[in-house]
Amino acid sequence: MADIAVHESVTSHDDHGPAAHGSITGISNNKLAMWLFLGSECLLFGGLISTYMLYRGRHGSGVGPAQLFDIPLTSVSSFVLLMSSLTMVLAVNAAKRKDDRNTNLWLAVTGLLGALFVGAQVYEFTAFYHEGVGFTTSLFSSSFFTLTGFHGVHVSIGVIMLLAMVAIISRNKVAGDKAEAVEMIGLYWHFVDVVWVVIFTLVYLIPA
Amino acid sequence: MALIASPTPTQSLGVFRRPVAATGWRSWVFTVDHKKIGIMYGVVAMFFFLVGGCEALLIRLQLAAPDNTVLSAGLYNEMFTMHATTMVFLFVMPMAAAFANYFLPLQVGARDVAFPRLNALSFWLFLFGGVFLNTSWFLGGAADGGWFMYSPNSSRLFSPSHGIDFWVLGLQIIGIASLVSSINLIVTVLNMRAPGMKLMNMPVFTWMVLVVQFLLLFALPVITVALFLLSFQRNFGAAFFDVDKGADPLLWQHLFWIFGHPEVYIIILPSFGIISEVLPTFARKPLFGYKFVVFSGAAIGFVGWGVWAHHMFASGLGPVSVAVFSVATMLIAIPTGVKICNWTLTLWGGKLWFSTAMMFAIGVIVLFTIGGLSGVTHAVAPADTQQTDTYHIVGHFHYVIVGGAVMGLFAGFYYWWPKVFGKLLNERLGKWNFWLMFFGVNLTFAPMHILGMQGQPRRMVVWPEKLTGEGFFNLQFWNQIATVGSFLIASGVFMFLVNVVVTAKKAEKAPLDPWDARTLEWMTASPPKEHNFDTIPTVHSLDEFFHRKYEEVDTDKGPRLVKVRSAEEVLAAEEAKADAHIHLPSPSYWPIVLAFGLPVIAYGVIYNLLLSVVGAAILLLGIFGWVLEPSVAEDSDYDPPTGESETKELSSVG
C-alpha cells in the first residue's frame, strides 16, 4: 500500500489540481495523502500490537519472550534503524538544496541501514526458529512473528522505495517535484522508525 | 532498472502509447475521469445488488414453509453469509462510492479528484475483489461463517472448504480499494474546493461523505489486521484463534466490531447526505439547521467509535464494559435524533413537491426512525441479551439498512439521474418503484420483530411444523408474510430496472435544472462536460446555485426571495468567462494492471504460492509503470471551452 501512495505522489502533476486554485490547507495533495495514509497505518499497527500484548504470555510450557529475546542484538539493530532516520533527514535536506549527488548518497545509505536492520531481523527469526519457536508454535510466537514481520515488510518496502528513488533520480526520470518525492519517502521512513520505537519498547524491553 | 522509460510523454514504459481513446470500451477501461469511474462503480454495484437480492429471495423461499428443502443447510449458510457480504461490501458501500465519486468533485467545484489514477485503481480493485469473492461459488463453495465470521467457527476444522479463504482475501482487496479512495476523497475535499467554499459552505452530502471517508480511513486497518490473522491461521497454520492453545475468541469479536460498528455509519451516512440534498430541494426551503446536521454527522462519526461492544453484550464482557457501551449507544441516538428533527422541520411549512426522489427521502425518515428506535432499545443490555441472535435483530438492522441506506440511494438515483445521463427517470414507474419497496420493506421486516420475540433464531435453516405455534404469534404466518414482502421489494427493484431501460430508450432530454436545485453540481451541463466546469465557480454562500438564481427583492409584503435568473442564464454567464487551457489527467493503463495483480496473488495464497509470485510481479510492473508515467501527458492538452466541437460529453449508458 505504501508504495502505491508514494508513487502516485511521485508522479502526480500539479497541473490539474492545486495549481488551478491553490491548495487550501497549505499542504500539498501528495503530502496530505501521505499523512492520512500514515494515520491509517497507526491503527494497523495498533491492532497488531494489541494482539501481541494479549497473547504474549500465552506460550504454554514452551519458550516465552523472557527466555527468547537477545536484547543486545536487537538494541544494535534498533540503533541502526534509528540512525537511518538521521541519514534520511540528510537526504531530504540535500533534495531541498537540489543537490542530486548528496540526495542519492544519503538515500542509498538510508536504504543500506534499512537493509541491515531487515538482515538482523532475518537472522533473529532464524535463530528463534532453531530454538524451537516457529510461526505456528504458540499464540505468543504467532503474534510476535506477525507483528515484527509486518514491521519488517514495511521496512523492506521502504528500502525498495529508497533504492528505486536513487535509480530514478540518477536517470533524471522524476516527474513532478523531486524534493517532495524524497520528502514523502522520508515521512514514510520516519513513521516506520517511530513504530519500531514503540514495538521495541513494548515487545522487548517491558517484561511480560 | 531496465524498466525505466524514455521521457516521451505520450508513451509509458517506453513501449506502449498512452491510451487516448475518447469513445468505445477503451475510453472506459483506461479512464481516470471521476464521472466515468462513478458510473462504472454504479453499474457494478447494481449488478451485485441483484446478486445479493437473489440470495435474499432464496433465503426467504427456504423459510416460506415448514421443513422446507429449497436449500440444504450448508448452502443456506453460504447463502446468508454471501447475502450480507455482498449487500454491505459490494452494493451499499460501492454504490455510495459511486455517488461520492461522481458528485463530490462537482459539489466542491473541482475538475476531478486529487488522484485520478488512484481513483481508477480503487474501482478496479473493488471490481476484481468482488468477482474474486464470488468465484468461490464455483470453486468448492462460498464462505459459510456468517458475515461477521466469528472465531473459532471460522477455522479450518469447522469450515474446511476454501469459502472463508475467498471471503478473507476478497475483503482484503475490497478494503484496499476503500482505503485508497478514502484518502483520495479526503484530500479532494480538504484541498480542492472552489474559491470561497468554506467547510461550512459545503453541501451536506459532501460533508457526510467526508465523515465516512475518515471512518473508513481508521476502521479499515482494524479489519485488515483481523483478516490477516484469520488468513494466517487458515493458510499458514498460525494459532490466533486456536482455542486449544489458549486463544481468546473475543479477540476476533473486538477487532471485527471496532471496524464493524463504524461500518454501520459508513453505510448509513451517505444516505443521510443524499436526503439532506433532496429534502430542501423538494421542500423549496433551505435545510433546517444546516450546522446542526453537519455537526451531528461529525458527532456520529466520533461516538461511532465507542459503541462497538454493544454487538457483544451476550459474550460476558463484565458489568463495567456493558454499562459503558450501553450509555454510549444511547448517546449516539442523540445526534441521529437531531438529524431526524432537522429533516422533519425542513419539510415543515415547505411547498412540498412529491417527486419520486422526495418520496424515497421521506421514506428514509419514516423507516430509519422505526429502525433507529428499535436499535436504541438494544442499548438496554438485559433486553439485548434476549434479542441477540434472533430475528428481532435481523428485523432491526434491515429497517436501518434497507429502509435507511438503500432507500436513500434510490432517492439519489431519481434525484441525480438527469444530471448523470441527461434524462429524467419516469415518475409513474418511479412511484410504483417507491410504493412496492416501501410496503415490501414493512411487510418483510416488521414481522421479523415478532418472529424474533417468539424466539426464532437468526440464521436458522428450517422451522419444523410442530413448533409453529398458533394464533397471532404463529411462526408460519409471519414467515410467509415476510417472504411475500421480500418479493414485493424485488418487484420494486424490477420497476427501477424497467424504468432505466424505458428512460434510456426515450429521446426526450431533461431540462438543465429539472428540480430547481441548490448546489454546485447543477451549475454545469447535464451530463457534465469532461472538465466539469467551464470556469471554476467562485462560491459566496451555502446553496450557491440557488442564490445565483434567486435574490431577495423588496415586495409590499416585505423582502422575498424571487427567481431573477434561470439556470440557463447562470450557466451562460459561467460559459462566457470559460478558462482556456484546461489540463485534465490523461487515461492510463496502470491502474487496471496494478489491480489485476491482487486477485492473482490471492488465488496463489489459496492454491499455489507460485501464482502469488506471478501476481506480485504484475503488481510490481504496475507500480513501476505507474511511477514512470507522468500523470498528465503534456502533448494532449485539452482546450475544450474555446473550440466547441472539441467539447467531449459523456454518452448516456442508461
# chains A, B, ... in the order shown; residues from 1 in each chain; ligands from 1
>>> interface_residues(of="chain B", to="chain A", cutoff="6 Å", atoms="only C-alpha atoms", output="PDB file with C-alpha atoms, in the first residue's frame")
ATOM      1  CA  ILE B 183      -7.531   9.085   1.155  1.00  0.00           C
ATOM      2  CA  ASN B 191      -7.561  20.771  -0.696  1.00  0.00           C
ATOM      3  CA  LEU B 217      -9.562   5.505   6.937  1.00  0.00           C
ATOM      4  CA  PHE B 218      -9.405   4.451  10.571  1.00  0.00           C
ATOM      5  CA  PRO B 221      -6.892  -1.097   9.042  1.00  0.00           C
ATOM      6  CA  VAL B 222      -8.518  -2.808  12.030  1.00  0.00           C
ATOM      7  CA  GLY B 237      -1.143 -22.564  10.464  1.00  0.00           C
ATOM      8  CA  ALA B 238      -0.838 -19.642  12.893  1.00  0.00           C
ATOM      9  CA  ALA B 239      -2.515 -20.110  16.263  1.00  0.00           C
ATOM     10  CA  PHE B 240      -4.528 -16.904  16.694  1.00  0.00           C
ATOM     11  CA  HIS B 583      -5.423  20.301 -18.257  1.00  0.00           C
ATOM     12  CA  LEU B 584      -7.169  17.085 -17.483  1.00  0.00           C
ATOM     13  CA  VAL B 627       5.647   5.822 -11.272  1.00  0.00           C
ATOM     14  CA  PRO B 630       3.605  11.427 -15.936  1.00  0.00           C
ATOM     15  CA  SER B 631       0.051  11.793 -14.706  1.00  0.00           C
TER      16      SER B 631
END
>>> residues_around(residues="B:Gly74", least_positions_apart="2", cutoff="10 Å", atoms="only C-alpha atoms", output="MDAnalysis selection string")
chainID B and resid 71:72 76:79 141:142 144 461
>>> residues_around(residues="B:Pro599", least_positions_apart="5", cutoff="7 Å", atoms="only C-alpha atoms", output="ChimeraX atom specification")
/B:128-129,132
>>> write_last_selection(atoms="N, CA and C atoms", output="PDB file, in the first residue's frame")
ATOM      1  N   PHE B 128     -12.433  -6.345  -9.139  1.00  0.00           N
ATOM      2  CA  PHE B 128     -11.720  -7.628  -9.109  1.00  0.00           C
ATOM      3  C   PHE B 128     -11.936  -8.338  -7.776  1.00  0.00           C
ATOM      4  N   GLY B 129     -11.959  -7.558  -6.679  1.00  0.00           N
ATOM      5  CA  GLY B 129     -12.196  -8.165  -5.371  1.00  0.00           C
ATOM      6  C   GLY B 129     -13.576  -8.811  -5.313  1.00  0.00           C
ATOM      7  N   PHE B 132     -13.591 -11.908  -7.532  1.00  0.00           N
ATOM      8  CA  PHE B 132     -12.798 -12.932  -6.850  1.00  0.00           C
ATOM      9  C   PHE B 132     -13.617 -13.605  -5.745  1.00  0.00           C
TER      10      PHE B 132
END
>>> closest_residue(among="B:Leu367, B:Ala595, B:Val264, B:Val324", to="B:Trp124", atoms="only C-alpha atoms")
B:Ala595
>>> residues_around(residues="stretch 347-357 of chain B", least_positions_apart="4", cutoff="8 Å", atoms="only C-alpha atoms", output="CSV table (one decimal) with C-alpha atoms, in the first residue's frame")
chain,number,residue,atom,x,y,z
B,278,VAL,CA,-33.2,16.0,-1.7
B,279,LEU,CA,-35.4,17.3,1.1
B,280,PRO,CA,-34.6,21.0,0.8
B,282,PHE,CA,-38.3,19.5,-3.0
B,283,ALA,CA,-39.5,21.4,0.1
B,284,ARG,CA,-38.2,24.6,-1.6
B,285,LYS,CA,-36.6,25.6,1.7
B,343,TRP,CA,-35.3,16.9,8.2
B,361,ALA,CA,-36.3,10.6,1.1
B,410,PHE,CA,-32.8,5.2,-4.6
B,411,ALA,CA,-33.6,8.8,-3.7
B,412,GLY,CA,-30.2,9.6,-5.1
B,413,PHE,CA,-30.9,7.7,-8.3
B,414,TYR,CA,-34.1,9.6,-9.0
B,415,TYR,CA,-32.7,13.0,-8.0
B,427,GLU,CA,-42.1,9.4,-12.5
B,430,GLY,CA,-40.9,5.7,-10.0
B,431,LYS,CA,-44.0,5.9,-7.9
B,434,PHE,CA,-41.3,3.5,-4.3
>>> atom_distance(atom1="atom CA of A:Gln121", atom2="atom CA of A:Val63")
18.6 Å
>>> residues_around(residues="B:Lys419", least_positions_apart="5", cutoff="8 Å", atoms="only C-alpha atoms", output="NGL selection string")
:B and (522 or 525-528)
>>> write_last_selection(atoms="C-alpha atoms", output="CSV table (one decimal), in the first residue's frame")
chain,number,residue,atom,x,y,z
B,522,TRP,CA,-26.3,21.5,-11.1
B,525,ALA,CA,-24.3,20.9,-18.3
B,526,SER,CA,-26.2,17.6,-17.9
B,527,PRO,CA,-24.4,15.4,-18.3
B,528,PRO,CA,-21.4,17.5,-17.2
>>> residues_around(residues="B:Val500", least_positions_apart="2", cutoff="12 Å", atoms="only C-alpha atoms", output="ChimeraX atom specification")
/B:43,46,413-414,417-418,421,423-427,429-430,433,493-498,502-506,652-654
>>> write_last_selection(atoms="C-alpha atoms", output="mmCIF file, in the first residue's frame")
data_model
loop_
_atom_site.group_PDB
_atom_site.id
_atom_site.type_symbol
_atom_site.label_atom_id
_atom_site.label_comp_id
_atom_site.auth_asym_id
_atom_site.auth_seq_id
_atom_site.Cartn_x
_atom_site.Cartn_y
_atom_site.Cartn_z
ATOM 1 C CA VAL B 43 -23.242 -0.280 -12.745
ATOM 2 C CA MET B 46 -26.163 -2.537 -9.139
ATOM 3 C CA PHE B 413 -30.938 7.712 -8.330
ATOM 4 C CA TYR B 414 -34.112 9.648 -9.038
ATOM 5 C CA TRP B 417 -30.300 10.657 -12.863
ATOM 6 C CA PRO B 418 -30.937 13.715 -15.102
ATOM 7 C CA PHE B 421 -27.495 10.838 -18.027
ATOM 8 C CA LYS B 423 -32.748 12.272 -18.993
ATOM 9 C CA LEU B 424 -35.417 12.172 -16.323
ATOM 10 C CA LEU B 425 -36.458 8.804 -14.973
ATOM 11 C CA ASN B 426 -40.140 8.097 -15.484
ATOM 12 C CA GLU B 427 -42.067 9.391 -12.463
ATOM 13 C CA LEU B 429 -42.777 3.924 -12.779
ATOM 14 C CA GLY B 430 -40.868 5.678 -10.026
ATOM 15 C CA ASN B 433 -40.929 1.535 -7.524
ATOM 16 C CA VAL B 493 -36.344 -3.087 -7.851
ATOM 17 C CA PHE B 494 -37.587 -4.632 -11.098
ATOM 18 C CA MET B 495 -39.667 -1.487 -11.692
ATOM 19 C CA PHE B 496 -36.492 0.520 -11.306
ATOM 20 C CA LEU B 497 -34.703 -1.585 -13.908
ATOM 21 C CA VAL B 498 -37.661 -1.228 -16.285
ATOM 22 C CA VAL B 502 -37.551 2.956 -20.680
ATOM 23 C CA THR B 503 -35.633 6.122 -19.864
ATOM 24 C CA ALA B 504 -32.608 5.093 -21.902
ATOM 25 C CA LYS B 505 -34.841 4.484 -24.937
ATOM 26 C CA LYS B 506 -36.733 7.748 -24.875
ATOM 27 C CA SER B 652 -25.541 8.036 -21.804
ATOM 28 C CA VAL B 653 -25.195 4.448 -20.769
ATOM 29 C CA GLY B 654 -28.573 4.269 -19.065
#
>>> atom_distance(atom1="atom CA of B:Ser178", atom2="atom CA of B:Phe445")
29.5 Å
>>> select_by_dssp(residues="stretch 338-557 of chain B", states="strand (DSSP E)", output="list of chain:residue names")
B:Tyr550, B:Glu551, B:Glu552, B:Val553, B:Asp554, B:Thr555
>>> atom_distance(atom1="atom CA of B:Gly38", atom2="atom CA of B:Ala507")
23.5 Å
>>> select_by_dssp(residues="stretch 119-220 of chain B", states="alpha helix (DSSP H)", output="ChimeraX atom specification")
/B:119-135,163-191,204-220
